[in-house]
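As stored in start37.cif (mmCIF, C-alpha atoms):
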data_protein
#
loop_
_atom_site.label_atom_id
_atom_site.label_comp_id
_atom_site.auth_asym_id
_atom_site.auth_seq_id
_atom_site.Cartn_x
_atom_site.Cartn_y
_atom_site.Cartn_z
CA MET A 1470 -14.68 3.78 -10.30
CA SER A 1471 -15.75 2.30 -13.63
CA PHE A 1472 -13.54 0.07 -15.78
CA VAL A 1473 -14.06 -1.16 -19.33
CA ALA A 1474 -13.14 -4.82 -19.85
CA SER A 1475 -12.18 -6.46 -23.12
CA ILE A 1476 -10.50 -9.66 -24.31
CA PHE A 1477 -6.88 -9.94 -25.44
CA SER A 1478 -6.26 -11.63 -28.75
CA ASP A 1479 -3.05 -13.65 -28.99
CA GLN A 1480 -1.59 -10.89 -31.19
CA ASP A 1481 -2.48 -8.19 -28.65
CA ARG A 1482 -0.97 -10.16 -25.76
CA ARG A 1483 2.31 -10.65 -27.65
CA ALA A 1484 2.42 -6.97 -28.60
CA ILE A 1485 1.78 -5.80 -25.04
CA ARG A 1486 4.55 -8.01 -23.68
CA GLU A 1487 6.94 -6.63 -26.32
CA ALA A 1488 5.84 -3.07 -25.55
CA ALA A 1489 6.47 -3.65 -21.84
CA THR A 1490 9.96 -4.96 -22.62
CA TRP A 1491 10.72 -1.92 -24.78
CA TYR A 1492 9.43 0.42 -22.09
CA ALA A 1493 11.69 -1.10 -19.45
CA ARG A 1494 14.68 -0.81 -21.80
CA LEU A 1495 14.01 2.79 -22.81
CA ALA A 1496 13.26 3.95 -19.28
CA ALA A 1497 16.84 3.16 -18.19
CA HIS A 1498 19.17 6.17 -17.81
CA THR A 1499 21.71 4.40 -20.03
CA VAL A 1500 19.44 4.04 -23.08
CA SER A 1501 21.42 4.27 -26.32
CA ALA A 1502 20.67 5.72 -29.76
CA SER A 1503 20.51 2.17 -31.15
CA ASP A 1504 17.89 1.26 -28.51
CA ARG A 1505 15.73 4.20 -29.58
CA ALA A 1506 16.17 3.31 -33.24
CA GLY A 1507 15.23 -0.31 -32.54
CA TRP A 1508 12.13 0.81 -30.69
CA ALA A 1509 11.13 3.05 -33.62
CA ARG A 1510 11.45 0.15 -36.06
CA TRP A 1511 9.39 -2.12 -33.79
CA HIS A 1512 6.73 0.57 -33.28
CA ALA A 1513 6.33 1.16 -37.04
CA ALA A 1514 6.34 -2.52 -38.00
CA ASP A 1515 2.75 -3.34 -37.01
CA PRO A 1516 -0.36 -1.33 -36.01
CA ALA A 1517 -0.75 -3.76 -33.08
CA HIS A 1518 2.61 -2.52 -31.77
CA ALA A 1519 1.41 1.09 -31.80
CA ARG A 1520 -1.80 0.14 -29.97
CA ALA A 1521 0.14 -1.84 -27.37
CA TRP A 1522 2.60 1.01 -26.84
CA HIS A 1523 -0.28 3.42 -26.31
CA LYS A 1524 -1.72 1.18 -23.56
CA VAL A 1525 1.64 0.77 -21.84
CA GLU A 1526 2.48 4.47 -22.11
CA SER A 1527 -0.91 5.52 -20.78
CA ILE A 1528 -0.61 3.27 -17.73
CA ASN A 1529 2.90 4.46 -16.94
CA GLN A 1530 2.08 8.14 -17.34
CA ARG A 1531 -0.39 7.84 -14.49
CA MET A 1532 2.05 6.04 -12.19
CA ALA A 1533 5.58 7.16 -12.84
CA GLY A 1534 5.69 9.56 -15.78
CA VAL A 1535 7.05 8.90 -19.23
CA PRO A 1536 10.71 9.76 -19.86
CA ALA A 1537 10.84 12.70 -22.27
CA GLU A 1538 13.01 10.88 -24.79
CA ILE A 1539 10.41 8.16 -25.39
CA GLY A 1540 7.15 10.09 -25.20
CA MET A 1541 5.37 10.52 -28.55
CA PRO A 1542 2.88 13.37 -29.02
CA THR A 1543 0.61 11.14 -31.09
CA LEU A 1544 0.44 8.59 -28.28
CA SER A 1545 0.51 10.81 -25.20
CA ALA A 1546 -2.43 11.02 -22.80
CA ARG A 1547 -1.09 13.65 -20.42
CA GLY A 1548 -4.43 15.45 -20.34
CA ALA A 1549 -6.36 12.36 -19.33
CA SER A 1550 -7.59 12.04 -15.77
CA ARG A 1551 -6.52 9.09 -13.59
CA ARG A 1552 -10.09 7.84 -13.66
CA THR A 1553 -10.21 7.97 -17.48
CA VAL A 1554 -6.93 6.13 -17.88
CA LEU A 1555 -8.00 3.45 -15.41
CA ARG A 1556 -11.27 2.96 -17.30
CA SER A 1557 -9.36 2.36 -20.51
CA ALA A 1558 -6.54 0.32 -18.99
CA VAL A 1559 -8.18 -2.83 -17.68
CA LEU A 1560 -8.20 -5.63 -20.24
CA VAL A 1561 -9.25 -9.11 -19.29
CA MET A 1562 -8.76 -12.74 -20.35
CA ALA A 1563 -10.26 -15.44 -18.12
CA THR A 1564 -9.15 -19.06 -17.64
CA GLY A 1565 -8.93 -20.73 -14.16
CA SER A 1566 -7.25 -22.52 -10.97
CA ALA A 1567 -4.97 -22.51 -7.69
CA ALA A 1568 -4.97 -20.53 -4.34
CA TRP A 1569 -3.04 -17.92 -2.36
CA LEU A 1570 -2.91 -16.45 1.13
CA ALA A 1571 -0.75 -13.48 2.19
CA LEU A 1572 1.43 -13.97 5.27
CA ARG A 1573 3.28 -11.34 7.29
CA ASP A 1574 6.91 -11.67 8.40
CA THR A 1575 7.23 -10.77 12.10
CA SER A 1576 10.92 -11.62 12.61
CA TRP A 1577 12.71 -9.93 15.49
CA GLN A 1578 15.22 -8.40 13.06
CA GLY A 1579 12.35 -6.57 11.41
CA LEU A 1580 11.09 -5.23 14.72
CA THR A 1581 14.50 -3.84 15.73
CA ALA A 1582 15.81 -2.72 12.30
CA ASP A 1583 17.26 0.75 11.73
CA TYR A 1584 14.55 1.56 9.21
CA ARG A 1585 11.20 -0.17 8.85
CA THR A 1586 7.72 0.38 7.50
CA ALA A 1587 4.31 -0.85 8.57
CA THR A 1588 1.93 -2.63 6.23
CA GLY A 1589 0.78 -0.16 3.57
CA GLU A 1590 3.50 2.37 4.41
CA ARG A 1591 6.34 3.64 2.20
CA ARG A 1592 9.33 5.58 3.52
CA SER A 1593 12.22 7.49 1.93
CA VAL A 1594 15.64 7.75 3.59
CA THR A 1595 18.81 9.60 2.61
CA LEU A 1596 21.85 7.61 3.73
CA ALA A 1597 25.08 9.08 5.10
CA ASP A 1598 26.84 8.79 1.71
CA GLY A 1599 24.02 10.56 -0.15
CA SER A 1600 22.45 7.38 -1.50
CA GLN A 1601 18.65 7.27 -1.56
CA LEU A 1602 16.68 4.42 -0.03
CA MET A 1603 12.94 3.86 -0.29
CA LEU A 1604 11.25 1.13 1.73
CA ASN A 1605 8.11 -0.49 0.40
CA THR A 1606 5.30 -1.88 2.56
CA ALA A 1607 6.19 -4.03 5.60
CA SER A 1608 9.94 -3.75 5.07
CA ALA A 1609 12.91 -3.66 7.41
CA VAL A 1610 16.56 -2.85 6.74
CA ASP A 1611 19.71 -2.29 8.82
CA VAL A 1612 22.45 0.08 7.65
CA ARG A 1613 26.10 -0.38 8.60
CA PHE A 1614 28.68 1.99 7.11
CA ASP A 1615 32.32 1.74 8.21
CA ASP A 1616 35.77 2.45 6.81
CA THR A 1617 35.73 -0.51 4.43
CA GLN A 1618 32.16 -0.95 3.23
CA ARG A 1619 28.63 0.36 2.90
CA LEU A 1620 26.36 -2.50 3.94
CA LEU A 1621 22.57 -2.81 3.99
CA SER A 1622 20.85 -5.88 5.44
CA LEU A 1623 17.32 -6.40 4.13
CA HIS A 1624 15.44 -8.55 6.63
CA ARG A 1625 12.03 -8.43 4.99
CA GLY A 1626 10.05 -6.64 2.31
CA GLU A 1627 11.43 -4.53 -0.52
CA VAL A 1628 13.73 -1.56 -1.02
CA LEU A 1629 14.53 0.74 -3.92
CA ILE A 1630 18.16 1.84 -3.82
CA ASP A 1631 19.65 4.73 -5.79
CA THR A 1632 23.35 4.67 -5.02
CA HIS A 1633 25.55 7.75 -4.79
CA PRO A 1634 29.30 7.88 -5.42
CA ASP A 1635 31.15 7.32 -2.17
CA PRO A 1636 32.28 10.68 -0.74
CA GLN A 1637 35.30 9.03 0.88
CA THR A 1638 38.62 9.20 -0.98
CA ARG A 1639 38.86 5.42 -0.97
CA ALA A 1640 35.57 4.24 -2.43
CA ARG A 1641 33.82 1.56 -0.38
CA PRO A 1642 31.71 -1.16 -2.03
CA PHE A 1643 27.93 -0.78 -1.65
CA LEU A 1644 26.50 -4.18 -0.70
CA VAL A 1645 22.92 -5.24 0.08
CA ARG A 1646 22.37 -8.57 1.82
CA SER A 1647 19.24 -10.66 2.19
CA PRO A 1648 18.73 -14.07 3.82
CA HIS A 1649 19.44 -15.68 0.43
CA GLY A 1650 22.43 -13.81 -0.96
CA SER A 1651 23.83 -10.37 -1.70
CA ALA A 1652 23.87 -7.68 -4.40
CA LEU A 1653 26.89 -5.50 -5.11
CA ALA A 1654 25.90 -2.18 -6.66
CA LEU A 1655 27.95 -1.13 -9.69
CA GLY A 1656 26.93 2.54 -9.63
CA THR A 1657 23.27 1.82 -10.03
CA ARG A 1658 19.59 2.02 -9.20
CA PHE A 1659 17.90 -1.25 -8.30
CA LEU A 1660 15.27 -3.07 -6.28
CA MET A 1661 15.74 -5.89 -3.82
CA ARG A 1662 12.80 -7.83 -2.42
CA THR A 1663 12.93 -10.75 -0.02
CA GLU A 1664 10.15 -13.11 1.00
CA SER A 1665 10.08 -16.48 2.74
CA GLY A 1666 12.19 -18.75 0.53
CA TRP A 1667 13.43 -16.27 -2.09
CA THR A 1668 15.01 -12.93 -2.92
CA GLN A 1669 14.58 -10.96 -6.14
CA VAL A 1670 16.93 -8.33 -7.54
CA THR A 1671 15.68 -6.02 -10.31
CA VAL A 1672 18.06 -3.60 -12.00
CA LEU A 1673 16.62 -0.29 -13.18
CA ASP A 1674 19.85 1.43 -14.22
CA LYS A 1675 23.42 0.30 -14.92
CA ALA A 1676 24.37 -3.02 -13.27
CA VAL A 1677 24.38 -5.15 -10.10
CA ARG A 1678 26.48 -8.22 -9.28
CA VAL A 1679 24.45 -10.88 -7.44
CA THR A 1680 26.07 -13.58 -5.30
CA ARG A 1681 23.68 -16.35 -4.29
CA ASP A 1682 26.00 -18.57 -2.22
CA ALA A 1683 29.64 -19.56 -1.91
CA ALA A 1684 29.21 -22.45 -4.36
CA SER A 1685 27.67 -20.37 -7.17
CA PRO A 1686 29.50 -17.89 -9.41
CA PRO A 1687 28.30 -14.26 -9.24
CA ILE A 1688 25.80 -13.09 -11.85
CA THR A 1689 25.93 -9.57 -13.26
CA LEU A 1690 22.51 -8.12 -14.05
CA GLN A 1691 22.11 -5.23 -16.47
CA ALA A 1692 19.38 -2.58 -16.58
CA GLY A 1693 16.02 -4.16 -17.39
CA GLN A 1694 16.96 -7.57 -15.96
CA GLN A 1695 15.95 -9.38 -12.78
CA LEU A 1696 16.86 -12.54 -10.92
CA ARG A 1697 14.83 -14.44 -8.32
CA PHE A 1698 16.75 -17.00 -6.28
CA GLY A 1699 16.67 -18.97 -3.06
CA PRO A 1700 17.55 -22.35 -1.54
CA SER A 1701 15.08 -24.20 -3.73
CA GLN A 1702 15.51 -22.12 -6.90
CA PRO A 1703 18.93 -21.25 -8.36
CA GLY A 1704 17.19 -18.67 -10.52
CA ARG A 1705 17.64 -17.50 -14.08
CA VAL A 1706 18.03 -14.01 -15.50
CA GLU A 1707 14.74 -12.65 -16.84
CA THR A 1708 13.38 -9.43 -18.31
CA ALA A 1709 12.18 -7.14 -15.53
CA GLY A 1710 8.46 -6.56 -15.18
CA LEU A 1711 6.88 -3.41 -16.54
CA ALA A 1712 7.30 -0.48 -14.13
CA SER A 1713 8.65 -2.69 -11.35
CA ASP A 1714 9.17 0.41 -9.20
CA ALA A 1715 5.69 1.93 -9.78
CA TRP A 1716 4.92 1.23 -6.11
CA ARG A 1717 7.07 4.19 -5.13
CA ASN A 1718 4.30 6.42 -6.52
CA GLY A 1719 1.51 4.31 -5.02
CA GLY A 1720 0.65 2.22 -8.07
CA LEU A 1721 0.68 -1.41 -9.18
CA ILE A 1722 0.85 -1.99 -12.93
CA ALA A 1723 -0.28 -5.34 -14.31
CA ILE A 1724 0.07 -6.53 -17.89
CA ASP A 1725 -1.63 -9.88 -18.53
CA MET A 1726 -1.01 -10.80 -14.88
CA PRO A 1727 -2.67 -13.85 -13.26
CA MET A 1728 -5.25 -12.61 -10.78
CA GLY A 1729 -3.74 -14.80 -8.06
CA VAL A 1730 -0.44 -12.94 -8.46
CA LEU A 1731 -2.23 -9.58 -8.52
CA LEU A 1732 -4.16 -10.37 -5.35
CA THR A 1733 -0.99 -11.57 -3.65
CA GLU A 1734 0.59 -8.20 -4.43
CA LEU A 1735 -2.44 -6.24 -3.22
CA ALA A 1736 -2.45 -8.30 0.00
CA ARG A 1737 1.00 -6.94 0.86
CA TYR A 1738 -0.56 -3.50 1.34
CA ARG A 1739 -3.57 -4.57 3.43
CA ARG A 1740 -3.47 -4.84 7.22
CA GLY A 1741 -6.07 -7.61 7.35
CA VAL A 1742 -6.30 -11.05 5.74
CA LEU A 1743 -7.11 -11.34 2.03
CA SER A 1744 -8.02 -14.79 0.70
CA TRP A 1745 -9.67 -16.07 -2.48
CA ASP A 1746 -10.95 -19.11 -4.32
CA SER A 1747 -8.42 -21.08 -6.33
CA ALA A 1748 -10.70 -20.81 -9.38
CA LEU A 1749 -9.72 -17.14 -9.69
CA ASP A 1750 -6.01 -17.72 -9.79
CA GLU A 1751 -5.34 -17.84 -13.52
CA MET A 1752 -7.72 -15.10 -14.68
CA ARG A 1753 -5.63 -12.55 -16.57
CA VAL A 1754 -5.72 -8.87 -15.73
CA SER A 1755 -4.05 -5.78 -17.17
CA GLY A 1756 -4.39 -2.35 -15.64
CA ALA A 1757 -3.22 0.20 -13.11
CA PHE A 1758 -4.30 -0.22 -9.49
CA PRO A 1759 -3.91 2.08 -6.45
CA LEU A 1760 -1.93 0.68 -3.54
CA ASP A 1761 -2.99 3.33 -1.06
CA ASP A 1762 -6.63 2.29 -1.48
CA THR A 1763 -6.73 -1.45 -2.09
CA ASP A 1764 -10.49 -1.51 -1.44
CA GLN A 1765 -10.82 0.61 -4.57
CA ALA A 1766 -8.66 -1.85 -6.49
CA LEU A 1767 -10.81 -4.80 -5.34
CA ALA A 1768 -13.99 -2.90 -6.27
CA ALA A 1769 -12.62 -2.41 -9.78
CA LEU A 1770 -11.96 -6.14 -10.11
CA GLU A 1771 -15.44 -6.95 -8.78
CA ASN A 1772 -16.99 -4.64 -11.40
CA ASN A 1773 -15.27 -6.45 -14.25
CA PHE A 1774 -15.03 -10.09 -13.25
CA PRO A 1775 -17.58 -12.67 -12.13
CA ILE A 1776 -16.35 -12.33 -8.55
CA ARG A 1777 -17.81 -11.21 -5.22
CA VAL A 1778 -15.86 -9.43 -2.47
CA SER A 1779 -17.19 -10.22 1.02
CA GLY A 1780 -16.09 -10.30 4.65
CA VAL A 1781 -15.33 -7.49 7.09
CA PRO A 1782 -12.75 -5.31 5.33
CA PRO A 1783 -10.02 -4.57 6.12
CA VAL A 1784 -9.87 -7.14 8.94
CA TRP A 1785 -10.91 -10.06 6.78
CA THR A 1786 -11.74 -10.08 3.06
CA ARG A 1787 -12.77 -13.07 0.97
CA ILE A 1788 -13.08 -13.14 -2.82
CA GLY A 1789 -15.13 -15.85 -4.52
CA LEU A 1790 -16.84 -16.57 -7.81
CA ARG A 1791 -20.28 -15.07 -8.36
#
Spit out the file's structure as structure tokens when you get a sec.
Amino acid sequence: MSFVASIFSDQDRRAIREAATWYARLAAHTVSASDRAGWARWHAADPAHARAWHKVESINQRMAGVPAEIGMPTLSARGASRRTVLRSAVLVMATGSAAWLALRDTSWQGLTADYRTATGERRSVTLADGSQLMLNTASAVDVRFDDTQRLLSLHRGEVLIDTHPDPQTRARPFLVRSPHGSALALGTRFLMRTESGWTQVTVLDKAVRVTRDAASPPITLQAGQQLRFGPSQPGRVETAGLASDAWRNGGLIAIDMPMGVLLTELARYRRGVLSWDSALDEMRVSGAFPLDDTDQALAALENNFPIRVSGVPPVWTRIGLR
């Protein structure tokens, strides 16, 4: 696979971040006419905005599809092949420093959970109330429905939850717990991810009420917002990342992402150990990467950065500077 690399100007980086924010807002089921009008004004205000939107739209078309109400014929790339879009999608800005190593959670709850996935596996489940659950790589969740509640316990990994109205006459709350708090669904579609030390909730549609602990007031997140929290970080509400749920279709979308963060994400889908030099950590990468073939993703990075991939993949892989 061949990628074309280029450098972001400050103007391009700002425009791409704004385009990503607009995409997340417009992709929500609850998008309003004023949202679409605001997007149109932003898009027309600067040629850099149109270029940035084209990049974001192209990446998302390959991974999750563009909602019909926001696709523009002049910017669409529906006829482009995955290989062509990937070649045009990777844009690079290099700086430097820090180090990461991916660790696997092997808790007993994960081994005995009602639903679980292995590393690199994704799994869809229809729950008893009609709600849809998708587990990401190396995830484990227990489901407990009774007369008073619908409860999910996320022990590790990440889930995408699309709630369904309760078929019972007396509607039961839909609650998802992690080791760090809970999320009450308010008729919604959202992600919850938990790792050692933190949990993150990302709302894709409607709203979710997050409770971190008994001493903290609940926080209501709206579509396009996320919150990461844990014992050492109370968390603050932030704009959700571009295409946060692209993994459901086997893709990882990066916009100006530090390479250390990108490699940490790719490591979640690899059965072996992935490690790298700290000098790579702050290199910036934008593009679309396959999660079902992380060797292909690493080869693309090696073709466009001064890095070398070595080791005995997939058992052990090391990435260093060339």
Hits of the PyMOL selection byres ((chain A and resi 1672-1675) around 7) in this structure, as a compact mmCIF listing (two decimals) with C-alpha atoms, keeping the file's coordinate frame:
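Result file follows (part.txt):
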# COMPACT_ATOMS: atom_id res chain seq x y z
CA ALA A 1497 16.84 3.16 -18.19
CA HIS A 1498 19.17 6.17 -17.81
CA THR A 1499 21.71 4.40 -20.03
CA GLY A 1656 26.93 2.54 -9.63
CA THR A 1657 23.27 1.82 -10.03
CA ARG A 1658 19.59 2.02 -9.20
CA PHE A 1659 17.90 -1.25 -8.30
CA LEU A 1660 15.27 -3.07 -6.28
CA VAL A 1670 16.93 -8.33 -7.54
CA THR A 1671 15.68 -6.02 -10.31
CA ALA A 1676 24.37 -3.02 -13.27
CA VAL A 1677 24.38 -5.15 -10.10
CA LEU A 1690 22.51 -8.12 -14.05
CA GLN A 1691 22.11 -5.23 -16.47
CA ALA A 1692 19.38 -2.58 -16.58
CA GLY A 1693 16.02 -4.16 -17.39
CA GLN A 1694 16.96 -7.57 -15.96
CA GLN A 1695 15.95 -9.38 -12.78
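Nearest to A:Asp1714 of all the residues A:Gln1637, A:Thr1668, A:Thr1680, A:Asn1605 is A:Asn1605, counting all atoms listed in the file.
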Name every residue that the PyMOL selection byres ((chain A and resi 1754) around 6) selects in this structure, writing the answer as a ChimeraX atom specification with chains first and numbers rising. /A:1561,1725-1726,1753,1755
Can you tell me, as a count of residues only, what residues are no more than 7 Å from stretch 1504-1520 of chain A when counting all atoms listed in the file, ignoring any on the same chain fewer than 3 positions away? 7
Tell me, as a ChimeraX atom specification, which residues lie within 7 Å of A:Gly1699, counting all atoms listed in the file; anything in the same chain fewer than 6 positions away does not count. /A:1649,1666-1668
Do you know which residues are at most 12 Å from A:Asp1583 counting all atoms listed in the file, after dropping those on the same chain fewer than 3 positions away, and could you put them as a PyMOL selection string? chain A and resi 1578-1580+1586+1594+1596+1604+1608-1613+1621-1624
Would you mind exporting the chosen residues as a short mmCIF file (atom, residue, chain, number, x, y, z; two decimals), keeping the file's coordinate frame, restricted to C-alpha atoms?
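The new file selection_14.cif reads:
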data_model
loop_
_atom_site.label_atom_id
_atom_site.label_comp_id
_atom_site.auth_asym_id
_atom_site.auth_seq_id
_atom_site.Cartn_x
_atom_site.Cartn_y
_atom_site.Cartn_z
CA GLN A 1578 15.22 -8.40 13.06
CA GLY A 1579 12.35 -6.57 11.41
CA LEU A 1580 11.09 -5.23 14.72
CA THR A 1586 7.72 0.38 7.50
CA VAL A 1594 15.64 7.75 3.59
CA LEU A 1596 21.85 7.61 3.73
CA LEU A 1604 11.25 1.13 1.73
CA SER A 1608 9.94 -3.75 5.07
CA ALA A 1609 12.91 -3.66 7.41
CA VAL A 1610 16.56 -2.85 6.74
CA ASP A 1611 19.71 -2.29 8.82
CA VAL A 1612 22.45 0.08 7.65
CA ARG A 1613 26.10 -0.38 8.60
CA LEU A 1621 22.57 -2.81 3.99
CA SER A 1622 20.85 -5.88 5.44
CA LEU A 1623 17.32 -6.40 4.13
CA HIS A 1624 15.44 -8.55 6.63
#
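Here atom CA of A:Ala1521 stands at a distance of 21.7 Å from atom CA of A:Pro1759.
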Have stretch 1710-1740 of chain A completed to N, CA and C atoms, please, and pass it along as a PDB file, keeping the file's coordinate frame.
ATOM      1  N   GLY A1710       9.852  -6.878 -14.937  1.00  0.00           N
ATOM      2  CA  GLY A1710       8.460  -6.560 -15.180  1.00  0.00           C
ATOM      3  C   GLY A1710       8.279  -5.082 -15.497  1.00  0.00           C
ATOM      4  N   LEU A1711       7.203  -4.788 -16.194  1.00  0.00           N
ATOM      5  CA  LEU A1711       6.880  -3.410 -16.540  1.00  0.00           C
ATOM      6  C   LEU A1711       6.712  -2.575 -15.284  1.00  0.00           C
ATOM      7  N   ALA A1712       7.414  -1.430 -15.243  1.00  0.00           N
ATOM      8  CA  ALA A1712       7.300  -0.480 -14.130  1.00  0.00           C
ATOM      9  C   ALA A1712       7.392  -1.182 -12.778  1.00  0.00           C
ATOM     10  N   SER A1713       8.472  -1.940 -12.598  1.00  0.00           N
ATOM     11  CA  SER A1713       8.650  -2.690 -11.350  1.00  0.00           C
ATOM     12  C   SER A1713       8.687  -1.786 -10.125  1.00  0.00           C
ATOM     13  N   ASP A1714       9.071  -0.522 -10.323  1.00  0.00           N
ATOM     14  CA  ASP A1714       9.170   0.410  -9.200  1.00  0.00           C
ATOM     15  C   ASP A1714       7.969   1.353  -9.123  1.00  0.00           C
ATOM     16  N   ALA A1715       6.864   1.042  -9.814  1.00  0.00           N
ATOM     17  CA  ALA A1715       5.690   1.930  -9.780  1.00  0.00           C
ATOM     18  C   ALA A1715       5.139   2.083  -8.369  1.00  0.00           C
ATOM     19  N   TRP A1716       5.430   1.142  -7.494  1.00  0.00           N
ATOM     20  CA  TRP A1716       4.920   1.230  -6.110  1.00  0.00           C
ATOM     21  C   TRP A1716       5.417   2.467  -5.390  1.00  0.00           C
ATOM     22  N   ARG A1717       6.543   3.016  -5.828  1.00  0.00           N
ATOM     23  CA  ARG A1717       7.070   4.190  -5.130  1.00  0.00           C
ATOM     24  C   ARG A1717       6.117   5.373  -5.263  1.00  0.00           C
ATOM     25  N   ASN A1718       5.298   5.375  -6.318  1.00  0.00           N
ATOM     26  CA  ASN A1718       4.300   6.420  -6.520  1.00  0.00           C
ATOM     27  C   ASN A1718       2.897   5.937  -6.165  1.00  0.00           C
ATOM     28  N   GLY A1719       2.809   4.784  -5.488  1.00  0.00           N
ATOM     29  CA  GLY A1719       1.510   4.310  -5.020  1.00  0.00           C
ATOM     30  C   GLY A1719       0.718   3.525  -6.040  1.00  0.00           C
ATOM     31  N   GLY A1720       1.371   2.956  -7.039  1.00  0.00           N
ATOM     32  CA  GLY A1720       0.650   2.220  -8.070  1.00  0.00           C
ATOM     33  C   GLY A1720       1.166   0.807  -8.273  1.00  0.00           C
ATOM     34  N   LEU A1721       0.318  -0.053  -8.772  1.00  0.00           N
ATOM     35  CA  LEU A1721       0.680  -1.410  -9.180  1.00  0.00           C
ATOM     36  C   LEU A1721       0.234  -1.548 -10.629  1.00  0.00           C
ATOM     37  N   ILE A1722       1.162  -1.867 -11.507  1.00  0.00           N
ATOM     38  CA  ILE A1722       0.850  -1.990 -12.930  1.00  0.00           C
ATOM     39  C   ILE A1722       0.911  -3.461 -13.312  1.00  0.00           C
ATOM     40  N   ALA A1723      -0.177  -3.938 -13.895  1.00  0.00           N
ATOM     41  CA  ALA A1723      -0.280  -5.340 -14.310  1.00  0.00           C
ATOM     42  C   ALA A1723      -0.479  -5.397 -15.816  1.00  0.00           C
ATOM     43  N   ILE A1724       0.273  -6.256 -16.466  1.00  0.00           N
ATOM     44  CA  ILE A1724       0.070  -6.530 -17.890  1.00  0.00           C
ATOM     45  C   ILE A1724      -0.101  -8.039 -18.041  1.00  0.00           C
ATOM     46  N   ASP A1725      -1.330  -8.457 -18.341  1.00  0.00           N
ATOM     47  CA  ASP A1725      -1.630  -9.880 -18.530  1.00  0.00           C
ATOM     48  C   ASP A1725      -1.185 -10.687 -17.306  1.00  0.00           C
ATOM     49  N   MET A1726      -1.455 -10.172 -16.120  1.00  0.00           N
ATOM     50  CA  MET A1726      -1.010 -10.800 -14.880  1.00  0.00           C
ATOM     51  C   MET A1726      -2.067 -11.761 -14.356  1.00  0.00           C
ATOM     52  N   PRO A1727      -1.700 -12.972 -13.911  1.00  0.00           N
ATOM     53  CA  PRO A1727      -2.670 -13.850 -13.260  1.00  0.00           C
ATOM     54  C   PRO A1727      -3.289 -13.163 -12.049  1.00  0.00           C
ATOM     55  N   MET A1728      -4.599 -13.305 -11.888  1.00  0.00           N
ATOM     56  CA  MET A1728      -5.250 -12.610 -10.780  1.00  0.00           C
ATOM     57  C   MET A1728      -4.708 -13.068  -9.431  1.00  0.00           C
ATOM     58  N   GLY A1729      -4.312 -14.334  -9.313  1.00  0.00           N
ATOM     59  CA  GLY A1729      -3.740 -14.800  -8.060  1.00  0.00           C
ATOM     60  C   GLY A1729      -2.484 -14.027  -7.696  1.00  0.00           C
ATOM     61  N   VAL A1730      -1.656 -13.727  -8.696  1.00  0.00           N
ATOM     62  CA  VAL A1730      -0.440 -12.940  -8.460  1.00  0.00           C
ATOM     63  C   VAL A1730      -0.813 -11.507  -8.091  1.00  0.00           C
ATOM     64  N   LEU A1731      -1.785 -10.940  -8.819  1.00  0.00           N
ATOM     65  CA  LEU A1731      -2.230  -9.580  -8.520  1.00  0.00           C
ATOM     66  C   LEU A1731      -2.766  -9.458  -7.101  1.00  0.00           C
ATOM     67  N   LEU A1732      -3.596 -10.412  -6.690  1.00  0.00           N
ATOM     68  CA  LEU A1732      -4.160 -10.370  -5.350  1.00  0.00           C
ATOM     69  C   LEU A1732      -3.083 -10.557  -4.284  1.00  0.00           C
ATOM     70  N   THR A1733      -2.101 -11.399  -4.572  1.00  0.00           N
ATOM     71  CA  THR A1733      -0.990 -11.570  -3.650  1.00  0.00           C
ATOM     72  C   THR A1733      -0.250 -10.245  -3.450  1.00  0.00           C
ATOM     73  N   GLU A1734      -0.061  -9.504  -4.532  1.00  0.00           N
ATOM     74  CA  GLU A1734       0.590  -8.200  -4.430  1.00  0.00           C
ATOM     75  C   GLU A1734      -0.263  -7.214  -3.648  1.00  0.00           C
ATOM     76  N   LEU A1735      -1.556  -7.151  -3.945  1.00  0.00           N
ATOM     77  CA  LEU A1735      -2.440  -6.240  -3.220  1.00  0.00           C
ATOM     78  C   LEU A1735      -2.470  -6.572  -1.727  1.00  0.00           C
ATOM     79  N   ALA A1736      -2.400  -7.871  -1.412  1.00  0.00           N
ATOM     80  CA  ALA A1736      -2.450  -8.300   0.000  1.00  0.00           C
ATOM     81  C   ALA A1736      -1.281  -7.747   0.799  1.00  0.00           C
ATOM     82  N   ARG A1737      -0.166  -7.481   0.155  1.00  0.00           N
ATOM     83  CA  ARG A1737       1.000  -6.940   0.860  1.00  0.00           C
ATOM     84  C   ARG A1737       0.709  -5.570   1.473  1.00  0.00           C
ATOM     85  N   TYR A1738      -0.277  -4.874   0.914  1.00  0.00           N
ATOM     86  CA  TYR A1738      -0.560  -3.500   1.340  1.00  0.00           C
ATOM     87  C   TYR A1738      -1.802  -3.409   2.229  1.00  0.00           C
ATOM     88  N   ARG A1739      -2.377  -4.551   2.591  1.00  0.00           N
ATOM     89  CA  ARG A1739      -3.570  -4.570   3.430  1.00  0.00           C
ATOM     90  C   ARG A1739      -3.228  -5.093   4.815  1.00  0.00           C
ATOM     91  N   ARG A1740      -3.766  -4.437   5.841  1.00  0.00           N
ATOM     92  CA  ARG A1740      -3.470  -4.840   7.220  1.00  0.00           C
ATOM     93  C   ARG A1740      -4.176  -6.132   7.603  1.00  0.00           C
TER      94      ARG A1740
END
